[in-house]
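Novice: Contents of target35.cif (mmCIF, C-alpha atoms and all ligand atoms) are below:
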```cif
data_work
loop_
_atom_site.label_atom_id
_atom_site.label_comp_id
_atom_site.auth_asym_id
_atom_site.auth_seq_id
_atom_site.Cartn_x
_atom_site.Cartn_y
_atom_site.Cartn_z
CA MET P 1 233.40 -64.66 96.45
CA LEU P 2 230.12 -65.77 94.90
CA THR P 3 231.85 -68.96 93.75
CA SER P 4 232.05 -70.08 97.39
CA ILE P 5 228.23 -70.31 97.64
CA ASP P 6 226.78 -73.74 96.99
CA THR P 7 223.64 -73.91 94.85
CA PRO P 8 220.76 -73.59 94.62
CA ALA P 9 220.90 -70.44 96.73
CA VAL P 10 218.95 -67.22 97.03
CA ILE P 11 221.25 -64.24 96.89
CA VAL P 12 220.45 -60.65 97.75
CA ASP P 13 222.70 -57.88 96.53
CA LEU P 14 222.58 -55.38 99.39
CA ASP P 15 224.02 -52.56 97.25
CA VAL P 16 221.04 -52.91 94.91
CA ALA P 17 218.50 -53.34 97.72
CA GLU P 18 219.81 -50.27 99.54
CA ARG P 19 219.67 -48.27 96.32
CA ASN P 20 216.05 -49.40 95.79
CA ILE P 21 215.14 -48.43 99.36
CA ALA P 22 216.74 -44.98 99.05
CA ARG P 23 215.26 -44.25 95.64
CA PHE P 24 211.66 -45.00 96.51
CA GLN P 25 211.95 -43.35 99.92
CA ASP P 26 213.12 -40.26 98.08
CA HIS P 27 210.17 -40.46 95.72
CA CYS P 28 207.64 -40.71 98.55
CA THR P 29 209.30 -37.94 100.57
CA ARG P 30 209.33 -35.65 97.54
CA HIS P 31 205.60 -36.21 97.09
CA GLY P 32 204.76 -35.78 100.77
CA LEU P 33 203.75 -39.43 101.19
CA GLY P 34 204.72 -41.66 104.07
CA LEU P 35 206.34 -44.92 102.98
CA ARG P 36 205.30 -47.98 104.96
CA PRO P 37 207.25 -50.91 103.44
CA HIS P 38 205.60 -54.30 103.37
CA ILE P 39 208.08 -56.72 104.95
CA LYS P 40 206.46 -59.86 103.51
CA THR P 41 208.87 -59.51 100.59
CA HIS P 42 212.11 -59.91 102.55
CA LYS P 43 210.97 -61.14 106.00
CA LEU P 44 214.31 -59.85 107.32
CA PRO P 45 214.52 -57.58 110.39
CA GLN P 46 217.83 -56.27 109.03
CA LEU P 47 216.19 -54.89 105.87
CA ALA P 48 213.18 -53.58 107.82
CA ALA P 49 215.63 -51.65 110.00
CA ARG P 50 217.33 -50.21 106.91
CA GLN P 51 213.94 -49.14 105.54
CA MET P 52 213.12 -47.40 108.83
CA THR P 53 216.50 -45.68 108.95
CA ALA P 54 215.93 -44.47 105.38
CA GLY P 55 212.77 -42.67 106.54
CA ALA P 56 209.85 -45.10 106.52
CA VAL P 57 206.93 -44.14 108.79
CA GLY P 58 206.46 -47.74 109.94
CA ILE P 59 206.19 -51.19 108.45
CA THR P 60 203.39 -53.32 107.02
CA CYS P 61 202.90 -57.01 107.75
CA GLN P 62 200.35 -59.37 106.29
CA LYS P 63 200.26 -61.82 109.18
CA ILE P 64 200.50 -61.63 112.98
CA GLY P 65 203.44 -64.04 112.92
CA GLU P 66 205.44 -61.65 110.75
CA ALA P 67 204.53 -58.77 113.07
CA GLU P 68 205.65 -60.76 116.11
CA VAL P 69 209.06 -61.34 114.56
CA MET P 70 209.40 -57.69 113.59
CA ALA P 71 208.25 -56.40 117.00
CA GLN P 72 210.75 -58.71 118.68
CA ALA P 73 213.41 -57.14 116.46
CA GLY P 74 212.49 -53.64 117.63
CA MET P 75 209.96 -52.33 115.10
CA THR P 76 207.65 -49.92 116.89
CA ASP P 77 204.96 -49.02 114.31
CA ILE P 78 203.29 -51.99 112.63
CA PHE P 79 200.27 -52.14 110.33
CA ILE P 80 198.71 -55.57 109.73
CA THR P 81 196.71 -55.41 106.49
CA TYR P 82 194.63 -58.48 107.09
CA ASN P 83 191.23 -59.27 108.63
CA ILE P 84 191.98 -60.87 112.02
CA VAL P 85 189.50 -63.61 112.88
CA GLY P 86 189.29 -65.83 115.98
CA GLU P 87 190.16 -65.70 119.67
CA ALA P 88 193.56 -67.41 119.30
CA LYS P 89 194.74 -64.60 117.05
CA MET P 90 193.11 -61.94 119.26
CA ALA P 91 195.23 -62.95 122.23
CA ARG P 92 198.38 -62.58 120.13
CA LEU P 93 197.15 -59.26 118.78
CA ARG P 94 196.65 -57.93 122.33
CA ARG P 95 200.19 -58.95 123.29
CA LEU P 96 201.56 -57.23 120.19
CA ALA P 97 199.59 -54.04 120.77
CA ARG P 98 201.04 -53.69 124.28
CA GLY P 99 204.55 -53.41 122.82
CA CYS P 100 204.17 -51.21 119.75
CA ARG P 101 201.88 -48.84 117.88
CA LEU P 102 199.70 -51.38 116.12
CA SER P 103 197.02 -50.85 113.49
CA VAL P 104 194.92 -53.37 111.60
CA VAL P 105 192.22 -53.44 108.93
CA ALA P 106 188.67 -54.72 108.76
CA ASP P 107 186.18 -54.96 105.92
CA ASN P 108 183.15 -56.40 107.69
CA ASP P 109 181.10 -56.19 110.88
CA ALA P 110 182.10 -59.63 112.17
CA VAL P 111 185.79 -58.71 112.18
CA VAL P 112 185.07 -55.35 113.86
CA ILE P 113 182.95 -57.02 116.55
CA GLY P 114 185.73 -59.54 117.20
CA LEU P 115 188.36 -56.80 117.47
CA SER P 116 186.13 -54.77 119.76
CA SER P 117 185.45 -57.60 122.17
CA GLY P 118 189.14 -58.47 122.09
CA PHE P 119 190.26 -54.93 122.94
CA ALA P 120 187.40 -53.58 125.09
CA ASP P 121 189.40 -54.10 128.30
CA GLU P 122 192.79 -53.05 126.94
CA PRO P 123 194.42 -49.84 128.22
CA ARG P 124 194.84 -48.43 124.68
CA PRO P 125 192.33 -48.60 121.83
CA LEU P 126 193.28 -50.51 118.70
CA GLU P 127 193.54 -48.42 115.52
CA VAL P 128 191.37 -49.95 112.79
CA LEU P 129 191.38 -48.86 109.14
CA ILE P 130 188.75 -49.95 106.65
CA GLU P 131 189.94 -52.04 103.73
CA CYS P 132 188.35 -50.76 100.52
CA ASP P 133 188.09 -52.74 97.29
CA THR P 134 188.88 -50.03 94.77
CA GLY P 135 189.05 -52.47 91.89
CA ALA P 136 191.47 -55.29 92.72
CA GLY P 137 188.66 -57.71 93.55
CA ARG P 138 190.05 -59.19 96.75
CA CYS P 139 188.96 -58.11 100.26
CA GLY P 140 187.40 -54.75 100.95
CA VAL P 141 184.10 -52.94 101.32
CA GLN P 142 182.57 -52.45 97.91
CA THR P 143 181.38 -48.82 98.02
CA PRO P 144 182.19 -45.57 99.84
CA GLY P 145 178.73 -45.92 101.43
CA GLU P 146 179.72 -49.28 102.93
CA ALA P 147 182.95 -47.69 104.18
CA LEU P 148 180.91 -45.03 105.97
CA ALA P 149 178.64 -47.60 107.60
CA LEU P 150 181.59 -49.67 108.80
CA ALA P 151 183.39 -46.57 110.07
CA ARG P 152 180.40 -45.79 112.27
CA THR P 153 180.59 -49.30 113.74
CA ILE P 154 184.31 -48.96 114.41
CA ALA P 155 183.94 -45.50 115.95
CA ALA P 156 181.22 -46.81 118.27
CA GLY P 157 183.13 -50.01 119.14
CA PRO P 158 184.59 -50.21 122.66
CA GLY P 159 188.35 -50.68 122.52
CA LEU P 160 188.64 -49.37 118.96
CA ARG P 161 189.68 -46.15 117.24
CA PHE P 162 188.83 -45.42 113.60
CA GLY P 163 192.13 -44.94 111.77
CA GLY P 164 191.16 -44.28 108.15
CA LEU P 165 191.07 -46.14 104.84
CA MET P 166 193.32 -48.74 103.26
CA THR P 167 193.32 -50.16 99.73
CA TYR P 168 195.48 -52.38 97.56
CA ARG P 169 195.25 -51.96 93.84
CA PRO P 170 198.74 -52.40 92.45
CA SER P 171 197.75 -51.92 88.83
CA GLY P 172 194.92 -50.48 86.80
CA ASP P 173 193.29 -47.06 86.82
CA GLN P 174 194.77 -45.14 89.73
CA ALA P 175 192.48 -42.15 89.04
CA GLU P 176 189.56 -44.43 89.76
CA VAL P 177 191.20 -45.40 93.07
CA ASP P 178 191.58 -41.72 93.91
CA ARG P 179 187.93 -40.92 93.14
CA TRP P 180 186.77 -43.84 95.30
CA LEU P 181 188.88 -42.78 98.27
CA ILE P 182 187.99 -39.08 98.00
CA GLU P 183 184.29 -39.91 97.91
CA ALA P 184 184.66 -42.09 101.01
CA ARG P 185 186.79 -39.50 102.83
CA GLU P 186 184.26 -36.73 102.14
CA ALA P 187 181.36 -38.92 103.26
CA LEU P 188 183.22 -39.62 106.51
CA ARG P 189 184.00 -35.93 107.00
CA GLY P 190 180.32 -35.15 106.51
CA GLU P 191 179.60 -37.21 109.62
CA GLY P 192 182.48 -35.72 111.60
CA LEU P 193 184.67 -38.79 111.21
CA ALA P 194 188.25 -37.70 110.57
CA CYS P 195 190.31 -39.91 108.31
CA PRO P 196 193.87 -39.52 109.57
CA ARG P 197 195.40 -42.20 107.34
CA ILE P 198 194.63 -43.20 103.77
CA SER P 199 196.95 -46.04 102.86
CA THR P 200 197.55 -47.24 99.30
CA GLY P 201 199.84 -50.06 98.22
CA GLY P 202 201.73 -51.88 95.51
CA SER P 203 205.06 -51.92 93.71
CA PRO P 204 204.00 -52.16 90.04
CA ASN P 205 202.29 -48.76 90.52
CA MET P 206 204.93 -47.33 92.88
CA TRP P 207 206.25 -44.56 90.64
CA HIS P 208 202.70 -43.25 90.17
CA CYS P 209 201.55 -43.56 93.78
CA GLN P 210 201.38 -39.78 94.12
CA THR P 211 198.59 -39.68 91.53
CA VAL P 212 196.26 -41.04 94.20
CA THR P 213 196.02 -37.62 95.80
CA ALA P 214 193.91 -38.83 98.71
CA ALA P 215 196.72 -41.07 99.98
CA THR P 216 198.76 -40.19 103.06
CA GLU P 217 201.00 -43.25 102.90
CA HIS P 218 202.01 -45.97 100.44
CA ARG P 219 202.83 -49.60 101.19
CA ALA P 220 205.30 -51.24 98.82
CA GLY P 221 206.97 -54.60 99.35
CA VAL P 222 208.58 -55.95 96.19
CA TYR P 223 210.35 -52.64 95.43
CA VAL P 224 213.18 -53.61 97.78
CA TYR P 225 214.17 -56.61 95.62
CA ASN P 226 212.21 -56.19 92.36
CA ASP P 227 211.52 -59.19 90.14
CA ARG P 228 210.25 -60.20 86.73
CA MET P 229 206.75 -58.87 87.45
CA GLN P 230 208.27 -55.50 88.25
CA LEU P 231 210.24 -55.68 85.00
CA ARG P 232 207.03 -56.38 83.09
CA ALA P 233 205.35 -53.41 84.80
CA GLY P 234 208.24 -51.17 83.69
CA ALA P 235 208.89 -50.30 87.34
CA CYS P 236 212.56 -51.39 87.32
CA THR P 237 215.45 -52.58 85.17
CA VAL P 238 217.40 -55.84 85.41
CA GLU P 239 220.12 -53.89 87.25
CA ASP P 240 217.55 -53.01 89.95
CA CYS P 241 216.80 -56.68 90.72
CA ALA P 242 218.46 -57.35 94.07
CA LEU P 243 217.29 -60.91 94.60
CA SER P 244 218.18 -63.80 92.36
CA VAL P 245 218.52 -67.54 92.49
CA LEU P 246 222.00 -68.88 91.93
CA ALA P 247 221.78 -72.26 90.18
CA THR P 248 224.09 -74.80 88.57
CA VAL P 249 223.63 -76.61 85.27
CA VAL P 250 223.47 -80.29 86.21
CA SER P 251 222.45 -81.86 82.90
CA ARG P 252 222.57 -81.17 79.14
CA PRO P 253 220.30 -83.93 77.81
CA THR P 254 219.94 -82.39 74.33
CA ALA P 255 221.55 -79.65 72.25
CA THR P 256 218.83 -77.19 73.20
CA ARG P 257 218.04 -78.29 76.74
CA ALA P 258 219.88 -77.57 79.98
CA VAL P 259 218.70 -78.54 83.44
CA LEU P 260 219.32 -76.43 86.55
CA ASP P 261 219.44 -77.59 90.16
CA ALA P 262 216.68 -75.11 91.07
CA GLY P 263 213.05 -76.15 90.60
CA SER P 264 209.72 -75.11 92.02
CA LYS P 265 210.98 -75.50 95.59
CA VAL P 266 213.22 -72.48 95.07
CA LEU P 267 211.91 -70.54 92.07
CA THR P 268 208.24 -71.31 92.94
CA SER P 269 205.50 -71.89 90.38
CA ASP P 270 204.15 -68.32 90.42
CA GLN P 271 203.66 -67.05 86.89
CA PHE P 272 201.06 -64.27 86.98
CA GLY P 273 200.70 -64.54 83.20
CA LEU P 274 204.44 -64.44 82.50
CA ASP P 275 206.00 -66.87 80.06
CA GLY P 276 208.20 -69.34 81.92
CA PHE P 277 209.47 -69.32 85.48
CA GLY P 278 212.22 -66.74 85.62
CA LEU P 279 214.76 -64.74 83.68
CA VAL P 280 218.34 -65.99 83.24
CA ALA P 281 220.11 -62.73 83.98
CA ASP P 282 222.95 -63.01 81.47
CA HIS P 283 221.03 -64.99 78.84
CA PRO P 284 217.53 -63.55 78.56
CA GLU P 285 216.77 -65.58 75.42
CA ALA P 286 217.12 -68.83 77.37
CA ARG P 287 213.60 -69.74 78.45
CA VAL P 288 212.97 -71.23 81.90
CA ALA P 289 210.47 -73.49 80.26
CA GLY P 290 209.47 -75.91 82.98
CA LEU P 291 209.97 -76.81 86.61
CA SER P 292 209.66 -79.90 88.65
CA GLU P 293 210.40 -79.77 92.35
CA GLU P 294 214.20 -79.84 92.11
CA HIS P 295 214.80 -79.35 88.38
CA GLY P 296 214.54 -76.26 86.23
CA VAL P 297 214.45 -76.95 82.50
CA LEU P 298 215.98 -74.34 80.19
CA ASP P 299 214.98 -74.23 76.54
CA LEU P 300 217.96 -72.93 74.58
CA SER P 301 216.35 -72.92 71.12
CA ALA P 302 216.33 -69.13 70.92
CA THR P 303 219.92 -68.59 72.05
CA SER P 304 223.38 -69.59 70.82
CA TRP P 305 224.50 -69.94 74.46
CA ARG P 306 225.48 -73.54 75.15
CA PRO P 307 226.29 -73.95 78.85
CA GLN P 308 228.22 -76.91 80.21
CA VAL P 309 227.47 -79.05 83.22
CA GLY P 310 228.87 -77.19 86.21
CA ASP P 311 228.25 -73.71 84.81
CA ARG P 312 226.36 -71.39 87.15
CA VAL P 313 223.60 -68.92 86.30
CA ARG P 314 221.64 -66.27 88.12
CA VAL P 315 217.87 -66.45 87.65
CA ILE P 316 215.61 -63.49 88.44
CA PRO P 317 212.37 -65.03 89.70
CA ASN P 318 208.91 -64.07 88.53
CA HIS P 319 207.87 -63.15 92.08
CA ALA P 320 210.55 -62.40 94.68
CA CYS P 321 208.28 -62.49 97.77
CA VAL P 322 207.44 -66.17 97.50
CA VAL P 323 211.06 -67.11 96.81
CA SER P 324 212.15 -65.47 100.09
CA ASN P 325 209.73 -67.69 101.92
CA MET P 326 211.24 -70.87 100.43
CA VAL P 327 214.65 -70.76 102.10
CA ASP P 328 215.96 -70.69 105.67
CA SER P 329 218.49 -68.04 104.80
CA VAL P 330 219.51 -65.79 101.95
CA TRP P 331 223.06 -64.86 101.07
CA ALA P 332 223.83 -61.18 101.46
CA VAL P 333 226.29 -60.11 98.78
CA ARG P 334 227.67 -56.90 97.34
CA GLY P 335 228.53 -57.54 93.71
CA THR P 336 230.73 -60.64 93.84
CA ASP P 337 231.65 -60.17 97.53
CA VAL P 338 229.76 -62.32 99.99
CA GLU P 339 228.88 -60.71 103.34
CA GLY P 340 227.23 -63.79 104.86
CA ALA P 341 224.00 -65.70 105.33
CA LEU P 342 220.95 -63.89 106.73
CA PRO P 343 218.33 -66.10 108.40
CA VAL P 344 214.90 -65.33 106.94
CA ALA P 345 213.50 -64.68 110.39
CA ALA P 346 209.82 -64.43 109.45
CA ARG P 347 209.93 -67.31 107.01
CA GLY P 348 206.82 -69.47 107.16
CA CYS P 349 204.99 -67.03 109.44
CA VAL P 350 201.69 -67.45 107.62
CA ALA P 351 199.33 -67.31 110.60
C1 LIG W 401 197.71 -55.38 101.41
C2 LIG W 401 198.99 -55.23 100.68
N1 LIG W 401 199.66 -54.08 100.76
C3 LIG W 401 200.84 -53.90 100.12
C4 LIG W 401 201.39 -54.90 99.36
C5 LIG W 401 202.71 -54.68 98.69
O1 LIG W 401 202.58 -54.67 97.31
P1 LIG W 401 203.71 -55.22 96.34
O2 LIG W 401 203.83 -56.68 96.64
O3 LIG W 401 203.21 -54.95 94.98
O4 LIG W 401 204.94 -54.49 96.67
C6 LIG W 401 200.70 -56.12 99.24
C7 LIG W 401 201.23 -57.21 98.42
O5 LIG W 401 200.70 -58.29 98.30
C8 LIG W 401 199.47 -56.29 99.91
O6 LIG W 401 198.76 -57.44 99.84
#
```
Just give me the structure as structure tokens.
Specialist:
Amino acid sequence: MLTSIDTPAVIVDLDVAERNIARFQDHCTRHGLGLRPHIKTHKLPQLAARQMTAGAVGITCQKIGEAEVMAQAGMTDIFITYNIVGEAKMARLRRLARGCRLSVVADNDAVVIGLSSGFADEPRPLEVLIECDTGAGRCGVQTPGEALALARTIAAGPGLRFGGLMTYRPSGDQAEVDRWLIEAREALRGEGLACPRISTGGSPNMWHCQTVTAATEHRAGVYVYNDRMQLRAGACTVEDCALSVLATVVSRPTATRAVLDAGSKVLTSDQFGLDGFGLVADHPEARVAGLSEEHGVLDLSATSWRPQVGDRVRVIPNHACVVSNMVDSVWAVRGTDVEGALPVAARGCVA
């Protein structure tokens, strides 16, 4: 029973997670898109395996450390969506590539040159996709023309194979993303460069991913758990939130204040423009108004709910991915039944 779990604790309802996996897999399959889940959300080989069994074409990792954990656990098709820089990482990348189908991204010449010198003597070429900034303002070549120029460098690079285009724009005008990618794809075709994969990503935009017609695959991470950002995006309901933080009321200093035993070291400080630091599942009017490291302060002014010390609540975090990375293990539950603790195997794998 849930009551046997001490708090604060991160709990994952596997019934909900499995439903989320099946539903979005179905969506992608129906639209002829490959689904390549991003495992940085759960960092659990067990859930990656479920995603693969459900029909995923492979997995996405952000960091080599995550990929190492997943390869060790038997994943055979891994895409690392991050510029790899430096010889220490190159040696690890070579080891990884010998054991699975590995692909990576690059958005500049220096990264491509590093990958090429790292893989020139390897038996199999490394598949490199070009990261394109289609409007999110993070990494990525800035124009289809720059994509074409970088593709030429990759195609000519010893040890490399040009794999296509990758972008991450989880919100905003998806038609604009499509136009960008089509223009780049056609420019590449014009020079005889085939573009076997065009990879889009994001969970806020997941139910519209098919509107980017150029895409061949979609990378979603948060969809497996969902969170308050997904709720804001209208991409899920509270019932679809698989991950939550179980916390206990430890103080009631005033009539309208309650203090939880979960602070920023569990719920994290991520806000992304949201008000407060989480959603109390059964009392949405209670505001998670402030956090210190081990305390979460609830403002009860807008609710008649008056919890007592010892009462337990479930808080849906603003951003599930960072919460996963805060704890050694999560509790796998199904409703109120507890299945056991799952070690977060790729926790802290940030390099
Ligand atoms: C490159 C890349 N692809 C895919 C994703 C998954 O998107 P989401 O977290 O919205 O599910 C992310 C998330 O940060 C990302 O950075």
Novice: To check your reading of the model: which residues sit at most 10 Å from ligand LIG 401 (chain W) when counting all atoms listed in the file? Write the answer as a VMD selection string.
Specialist: chain P and resid 36 to 41 60 to 62 79 to 82 105 131 138 to 139 166 to 171 199 to 206 218 to 226 229 to 230 319 to 321
Novice: Taking all atoms listed in the file into account, name the residue in P:Ile316, P:Val350, P:Leu165, P:Leu126 that is nearest to P:Arg95.
Specialist: P:Leu126
Novice: Please list, as a list of chain:residue names, the residues that have an atom at most 10 Å away from (201.7, -44.5, 116.1) in the coordinates of this file, counting all atoms listed in the file.
Specialist: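 Final list of nearby residues, as requested, is P:Val57, P:Gly58, P:Thr76, P:Asp77, P:Ile78, P:Phe79, P:Cys100, P:Arg101, P:Leu102, P:Ser103, P:Glu127.
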Novice: State, in Å with one decimal place, the distance from atom CA of P:Gly164 to atom CA of P:Val128.
Specialist: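 We find that atom CA of P:Gly164 and atom CA of P:Val128 lie 7.3 Å from each other.
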Novice: What are the centre and the three edge lengths of an axis-aligned box that wraps all atoms of stretch 175-178 of chain P in the file, given that 4 Å is added to every side, written as AutoDock Vina command-line options and rounded to one decimal in Å?
Specialist:
```
--center_x 191.0 --center_y -43.6 --center_z 91.5 --size_x 10.9 --size_y 11.7 --size_z 12.9
```
Novice: Suppose you want the space between atom CA of P:Leu148 and atom CA of P:Thr213; what is it in Å?
Specialist: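 One can read the atom CA of P:Leu148 to atom CA of P:Thr213 distance as 19.7 Å.
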Novice: Report the distance between atom CA of P:Lys89 and atom CA of P:Ile130 in Å, rounded to one decimal place.
Specialist: 18.9 Å
Novice: Quick one: everything within 12 Å of P:Arg23, counting all atoms listed in the file, minus sequence neighbours fewer than 5 positions away in the same chain. Send it as a list of chain:residue names.
Specialist: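 Non-adjacent residues within range: P:Val16, P:Ala17, P:Glu18, P:Cys28, P:Thr29, P:Arg30, P:Leu35, P:Gln51, P:Ala54, P:Gly55, P:Met206, P:Trp207, P:Tyr223, P:Val224, P:Cys236, P:Asp240.
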Novice: Counting all atoms listed in the file, select every polymer residue within 12 Å of (203.1, -32.6, 99.7) as defined in the file's coordinates, and provide the selection as a list in words.
Specialist: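 Every polymer residue passing the test: His27, Cys28, Thr29, Arg30, His31, Gly32, Leu33, Gly34, Gln210, Thr211, Thr213, Ala214, Ala215, Thr216 and Glu217 of chain P.
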Novice: Can we get stretch 35-43 of chain P of that structure written down with all heavy atoms, as a compact mmCIF listing (two decimals), in the first residue's frame?
Specialist:
```txt
# COMPACT_ATOMS: atom_id res chain seq x y z
N LEU P 35 8.51 6.61 -33.53
CA LEU P 35 8.61 7.27 -32.21
C LEU P 35 9.95 6.86 -31.60
O LEU P 35 10.28 5.67 -31.54
CB LEU P 35 7.45 6.84 -31.31
CG LEU P 35 7.52 7.28 -29.84
CD1 LEU P 35 7.64 8.79 -29.70
CD2 LEU P 35 6.29 6.78 -29.07
N ARG P 36 10.72 7.86 -31.22
CA ARG P 36 12.03 7.60 -30.62
C ARG P 36 12.06 8.29 -29.26
O ARG P 36 12.50 9.44 -29.12
CB ARG P 36 13.13 8.15 -31.55
CG ARG P 36 14.54 7.83 -31.11
CD ARG P 36 15.55 8.37 -32.10
NE ARG P 36 15.64 7.62 -33.33
CZ ARG P 36 16.39 6.52 -33.49
NH1 ARG P 36 17.08 6.03 -32.50
NH2 ARG P 36 16.42 5.91 -34.66
N PRO P 37 11.54 7.63 -28.22
CA PRO P 37 11.39 8.27 -26.91
C PRO P 37 12.71 8.78 -26.34
O PRO P 37 13.75 8.12 -26.50
CB PRO P 37 10.83 7.15 -26.02
CG PRO P 37 10.28 6.15 -26.97
CD PRO P 37 11.09 6.23 -28.21
N HIS P 38 12.63 9.93 -25.72
CA HIS P 38 13.80 10.50 -25.05
C HIS P 38 13.81 9.97 -23.62
O HIS P 38 12.88 10.25 -22.85
CB HIS P 38 13.72 12.03 -25.05
CG HIS P 38 15.06 12.68 -24.96
ND1 HIS P 38 16.01 12.27 -24.05
CD2 HIS P 38 15.63 13.69 -25.67
CE1 HIS P 38 17.10 13.02 -24.20
NE2 HIS P 38 16.90 13.88 -25.18
N ILE P 39 14.87 9.23 -23.26
CA ILE P 39 14.88 8.56 -21.95
C ILE P 39 15.33 9.47 -20.82
O ILE P 39 15.37 9.06 -19.66
CB ILE P 39 15.71 7.27 -21.98
CG1 ILE P 39 17.19 7.55 -22.29
CG2 ILE P 39 15.13 6.28 -22.99
CD1 ILE P 39 18.04 8.07 -21.17
N LYS P 40 15.70 10.74 -21.14
CA LYS P 40 16.16 11.62 -20.06
C LYS P 40 15.04 11.91 -19.07
O LYS P 40 15.29 12.39 -17.97
CB LYS P 40 16.73 12.93 -20.62
CG LYS P 40 15.81 13.64 -21.60
CD LYS P 40 15.27 14.94 -21.13
CE LYS P 40 13.99 15.22 -21.89
NZ LYS P 40 13.38 16.48 -21.56
N THR P 41 13.81 11.65 -19.45
CA THR P 41 12.69 11.87 -18.53
C THR P 41 12.69 10.85 -17.40
O THR P 41 12.61 11.21 -16.23
CB THR P 41 11.35 11.80 -19.29
OG1 THR P 41 11.36 12.80 -20.30
CG2 THR P 41 10.16 12.01 -18.36
N HIS P 42 12.80 9.56 -17.77
CA HIS P 42 12.69 8.52 -16.73
C HIS P 42 14.03 7.95 -16.30
O HIS P 42 14.18 7.50 -15.17
CB HIS P 42 11.74 7.40 -17.17
CG HIS P 42 12.07 6.78 -18.50
ND1 HIS P 42 13.21 6.04 -18.71
CD2 HIS P 42 11.41 6.80 -19.69
CE1 HIS P 42 13.22 5.61 -19.95
NE2 HIS P 42 12.15 6.06 -20.58
N LYS P 43 14.99 7.90 -17.21
CA LYS P 43 16.33 7.35 -16.91
C LYS P 43 16.26 5.92 -16.39
O LYS P 43 17.14 5.48 -15.63
CB LYS P 43 17.08 8.26 -15.93
CG LYS P 43 17.46 9.61 -16.55
CD LYS P 43 18.11 10.54 -15.54
CE LYS P 43 18.62 11.82 -16.18
NZ LYS P 43 20.01 11.75 -16.62
```
